[in-house]
Every structure is written in structure tokens, then in C-alpha cells.
Amino acid sequence: MATPTIAILGTGSYVPTRVLTNEELSKKVDTTDEWILTRTGIKQRRIAAEGESTSDLAAHAAKAALIDAGLTAADIDLLIVATITPDLPMPATATIVQHKLGIGTHAACFDLNAACSGFVYGLDTASAMLASGRYRHALVIGAEKLSSVVDWKDRTTCVLFGDAAGAAVLGPTRGDGARIIATKLYSEGGMAEMLCIPAGGSANPASTATLAGDQHFIKMKGREIFKVAVREMEDAVEEILEQHAMTADQIACVIPHQANLRIIEALSKSMEIPLDRFFINVDRFGNTSGASIPLALDEARRLGRVRRGDTTLLVAFGAGLTYGAALVRW
Ligand code: ACO
């Protein structure tokens, strides 16, 4: 049996309706719109409603992606949810999303924890599983309710994050030239402590002491991560282009992880790819971790920034530290 060529057949996204502006945040913590905007490029972010969980956001995005692909839940036999904010520690949020979408028991469903690189990790995993011929159509979803793990008293982190979901349907190419050209993943585990949620796992189980010590929230060494992020993304982009004998000129649109506008600007400068070829929506949604790239990708497609025949470059970094890139032809 010939190895099938795998393409992205459709995308979808969802953001909660509640908008939280910098102005509102400056009434909760000691910060200003000006500080947040100049240091990060973020103007506002979305916050999930009470009772709205990661699986709800994921299911909305997945439904939109299925419609875009012209498929139904019955066509899906692989479902991956990339998230660091699962509905529950167990079972996997993917199984909850499966139930919400009405996907049959024949489907393999699991979560993937690669933080902000989760969607690129999911693309790599799903495309390899589909290429094996053992699965036909996959849903890869990046979904986060980061507002549930943000310390709303900590101005150094709470201004950065938001809630959202983005999804892609993958399957055999429909003969129009569309395909996932390549994916490349990396991890630098020695830097895990730079960005983590210290408690709630087996190393530091939940206790009254961990609760009192605010150990269930995101802790981050922002300045250090900034430098590493630019270097890691540069390496990932250089290597994937080189391995596939491509140059930056051939990339119609770069979809970077939306963590900080200054990081994206630094990458644009070092890669000598003009900033207007980067799709940027961090100003409206902040950093939505695993949801960041599929949300931006879906918006970019809907706004006509990604057209048939174009090659896009996805590039991510996140907790782990994980990083990676993908080249996708449409
Ligand atoms: N409002 C006002 N002042 C603030 C705020 C705030 N919200 N936050 C920090 N400050 C202060 C600091 O206390 C510090 O004050 P000091 O000089 O008196 O000590 C000053 O501002 C400068 O702080 P820095 O941390 O040096 O600011 P920097 O320019 O590095 O910007 C930021 C901080 C935005 C976090 C930046 O470092 C960054 O974006 N880093 C990358 C982080 C990132 O991308 N993380 C996501 C990874 S993805 C994932 O997997 C979830």
C-alpha cells in the first residue's frame, strides 16, 4: 500500500465572548495599558465563562473545522487535544471532546502536553499516524482555559494569557497539491523549570501547603524565556527550510506562536522575513498556549492571508521547553 500524502483539509476556531482589556486588568493589579502594550503587544484577551471548560472551547473549534473540511464526526478516527489545561487530570480531555462531538468508539483519543508547541506536536503525531494508513481522518485541537491556572494577583504573568481553541482536520490530500510538507519537533528538558505549574502532579501533590503557596498557578522566568524563545524558533525555522531545500522567500505567511509581539519582531529581523508576512493576532487574544497557532491559522485563512497553493510556516515554542516548526502547503 502506498503511503498516503496528508493534508490539512479544514480549520476552525473558537474564542469565548468575554473580552478582558488591559484597562480592566490595571484595576486588578499594579499595571498599565501602556506597560502591557509596549512590552507584549497585547491589548486584550478572551476569558471563558464560569462553567465553560477546555473541552467546550475545543468542541466548538472542532465543529467549525469539520464543516470547513466538509466532513462529519463519523469520519474522524483519531482525535488529539493539545492542552496544558485539561478539564480534569484524568481522563483525557480528548475523550470528553469525543463524547461532545459524537465521535464513535472506533476512534483513538488522547491528550498531548507540549504547551504552546502542542499544536505543532499534534500535527506531527497525527500526520505520522495517518501516513501509516491505520487511521483515515484526524482532528488536531489546541485548546486552553489558561484563566484557570493564571494567578490573578501576579502582574508578571496574568497580563499575558487568554482562553481559546483552534482545530484542524487532517486526512489524505484531495489531489489539489495541498499537503503537510514537513514537521520538526524539539525539546530542551533542562529548562523545564523556567515555565511550569509547580504543584498538582506526583512530584508535588495538591495539599493545603501547595494551595496556600499559590503553587497551582503558572510560574515563569519571562526575561530568560524571551531570549531562548527567539533562538529556538530561529533554529527550528532554519533547519526545516534547509532540510526541504526551501528559502524564506517561498513562505507566503508565517504563523508564529503568539506569545509576545517583540518575540515575533525579533524573529522577523533575525530570519530576514518581513514582519508583514507574519500573521499576528496576539494584540486581540494574548498568549493562548496550545490554541495560539491553530487560532491564528484559522483567522489567517479566513482573512485571505493563506490562499490555495501557498506555503505557510508554523513555528512554536513553549513550556518544556518544547519547540518546533511545520511547513504546510494549501
Ligand atoms: N506591569 C507593570 N510592570 C511590570 C509588569 C506589569 N504587568 N510585569 C512586570 N513588571 C515590571 C517588573 O517587575 C520589572 O520591574 P523592575 O525593573 O522594577 O524589577 C520591570 O517591569 C521589567 O520586567 P521584565 O520581566 O524585565 O520585563 P520584560 O521586558 O522582560 O517583559 C515579559 C516581561 C513580557 C514577560 C517578557 O519577558 C516576555 O514576554 N517573555 C517571554 C515570556 C513568554 O513568552 N512566555 C510564554 C511561553 S509560552 C507557554 O508555554 C505558556
# chains A, B, ... in the order shown; residues from 1 in each chain; ligands from 1
>>> residues_near_ligand(ligand="ligand 1", cutoff="6 Å", atoms="only C-alpha atoms and all ligand atoms", output="list in words")
Thr31, Thr32, Trp35, Ile36, Arg39, Thr40, Ala115, Cys116, Arg155, Thr156, Val159, Gly222, Arg223, Ile225, Phe226, Ala259, Asn260, Ser289, Gly318 and Ala319 of chain A
>>> residues_around(residues="segment 166-173 of chain A", least_positions_apart="6", cutoff="9 Å", atoms="only C-alpha atoms", output="PyMOL selection string")
chain A and resi 4-15+57-58+60-66+68-69+71+76+81+119+123+126-127+130-131+135-143+179+290-298
>>> residues_around(residues="Ala92 of chain A", least_positions_apart="4", cutoff="8 Å", atoms="only C-alpha atoms", output="VMD selection string")
chain A and resid 86 to 88 96 109 to 111
>>> write_last_selection(atoms="all heavy atoms", output="CSV table (one decimal), in the first residue's frame")
chain,number,residue,atom,x,y,z
A,86,PRO,N,-6.3,20.7,30.9
A,86,PRO,CA,-7.3,19.7,30.7
A,86,PRO,C,-8.5,19.9,31.6
A,86,PRO,O,-8.4,20.5,32.6
A,86,PRO,CB,-6.6,18.3,31.0
A,86,PRO,CG,-5.5,18.7,31.9
A,86,PRO,CD,-5.0,20.1,31.5
A,87,ASP,N,-9.7,19.4,31.2
A,87,ASP,CA,-10.9,19.5,32.0
A,87,ASP,C,-10.6,18.9,33.4
A,87,ASP,O,-10.9,19.5,34.4
A,87,ASP,CB,-12.0,18.8,31.4
A,87,ASP,CG,-12.7,19.6,30.3
A,87,ASP,OD1,-12.1,20.5,29.8
A,87,ASP,OD2,-13.9,19.2,30.0
A,88,LEU,N,-9.9,17.8,33.4
A,88,LEU,CA,-9.6,17.0,34.6
A,88,LEU,C,-8.2,16.4,34.5
A,88,LEU,O,-7.8,16.2,33.3
A,88,LEU,CB,-10.6,15.9,34.8
A,88,LEU,CG,-12.1,16.2,34.7
A,88,LEU,CD1,-12.9,14.9,34.6
A,88,LEU,CD2,-12.5,16.9,36.0
A,96,ILE,N,-13.5,13.5,26.4
A,96,ILE,CA,-14.6,14.3,26.7
A,96,ILE,C,-15.1,15.0,25.4
A,96,ILE,O,-16.3,15.1,25.2
A,96,ILE,CB,-14.3,15.3,27.9
A,96,ILE,CG1,-13.9,14.5,29.1
A,96,ILE,CG2,-15.5,16.2,28.2
A,96,ILE,CD1,-13.2,15.4,30.2
A,109,CYS,N,-8.4,8.4,21.0
A,109,CYS,CA,-8.5,9.8,21.5
A,109,CYS,C,-7.5,10.0,22.7
A,109,CYS,O,-7.6,9.2,23.6
A,109,CYS,CB,-9.9,10.0,22.1
A,109,CYS,SG,-11.2,9.8,20.8
A,110,PHE,N,-6.6,11.0,22.6
A,110,PHE,CA,-5.7,11.2,23.7
A,110,PHE,C,-5.3,12.7,23.7
A,110,PHE,O,-5.4,13.4,22.7
A,110,PHE,CB,-4.5,10.3,23.6
A,110,PHE,CG,-3.7,10.4,22.3
A,110,PHE,CD1,-2.6,11.3,22.3
A,110,PHE,CD2,-4.0,9.7,21.2
A,110,PHE,CE1,-1.8,11.4,21.1
A,110,PHE,CE2,-3.2,9.8,20.0
A,110,PHE,CZ,-2.1,10.7,20.0
A,111,ASP,N,-4.7,13.1,24.9
A,111,ASP,CA,-4.2,14.4,25.0
A,111,ASP,C,-2.7,14.4,24.8
A,111,ASP,O,-2.1,13.4,25.0
A,111,ASP,CB,-4.5,14.9,26.5
A,111,ASP,CG,-5.9,15.3,26.7
A,111,ASP,OD1,-6.8,15.1,25.8
A,111,ASP,OD2,-6.2,15.8,27.9
>>> select_by_dssp(residues="segment 99-275 of chain A", states="strand (DSSP E or B)", output="ChimeraX atom specification")
/A:108-112,138-145,161,163-172,179-187,195-196,219-220,253-256
>>> residues_around(residues="Ser268 of chain A", least_positions_apart="4", cutoff="10 Å", atoms="only C-alpha atoms", output="ChimeraX atom specification")
/A:230,234,254,262-264,272-278
>>> atom_distance(atom1="atom CA of Tyr186 of chain A", atom2="atom CA of Met129 of chain A")
18.7 Å
>>> atom_distance(atom1="atom CA of Met233 of chain A", atom2="atom CA of Asp124 of chain A")
16.6 Å
>>> closest_residue(among="A:Ala49, A:Ala82, A:Ile42, A:Ile197", to="Gly122 of chain A", atoms="only C-alpha atoms")
A:Ala82
>>> closest_residue(among="A:Ala212, A:Lys153, A:Trp330, A:Val306", to="Ser26 of chain A", atoms="only C-alpha atoms")
A:Lys153
>>> atom_distance(atom1="atom CA of Val282 of chain A", atom2="atom CA of Ala128 of chain A")
30.0 Å
>>> select_by_dssp(residues="segment 41-240 of chain A", states="alpha helix (DSSP H)", output="PyMOL selection string")
chain A and resi 54-69+93-101+118-131+155-158+208-212+222-240
>>> closest_residue(among="A:Thr17, A:Thr288, A:Asn22, A:Ser270", to="Thr83 of chain A", atoms="only C-alpha atoms")
A:Thr288
>>> closest_residue(among="A:Ala316, A:Leu146, A:Leu321, A:Ala236", to="Ala165 of chain A", atoms="only C-alpha atoms")
A:Leu146
>>> closest_residue(among="A:Glu232, A:Glu224, A:Glu144, A:Glu299", to="Ile255 of chain A", atoms="only C-alpha atoms")
A:Glu299
>>> closest_residue(among="A:Ser117, A:Val237, A:Asp151, A:Ala326", to="Gly213 of chain A", atoms="only C-alpha atoms")
A:Asp151
>>> residues_around(residues="segment 307-310 of chain A", least_positions_apart="3", cutoff="9 Å", atoms="only C-alpha atoms", output="NGL selection string")
:A and (176-178 or 250-253 or 301 or 304 or 328-330)
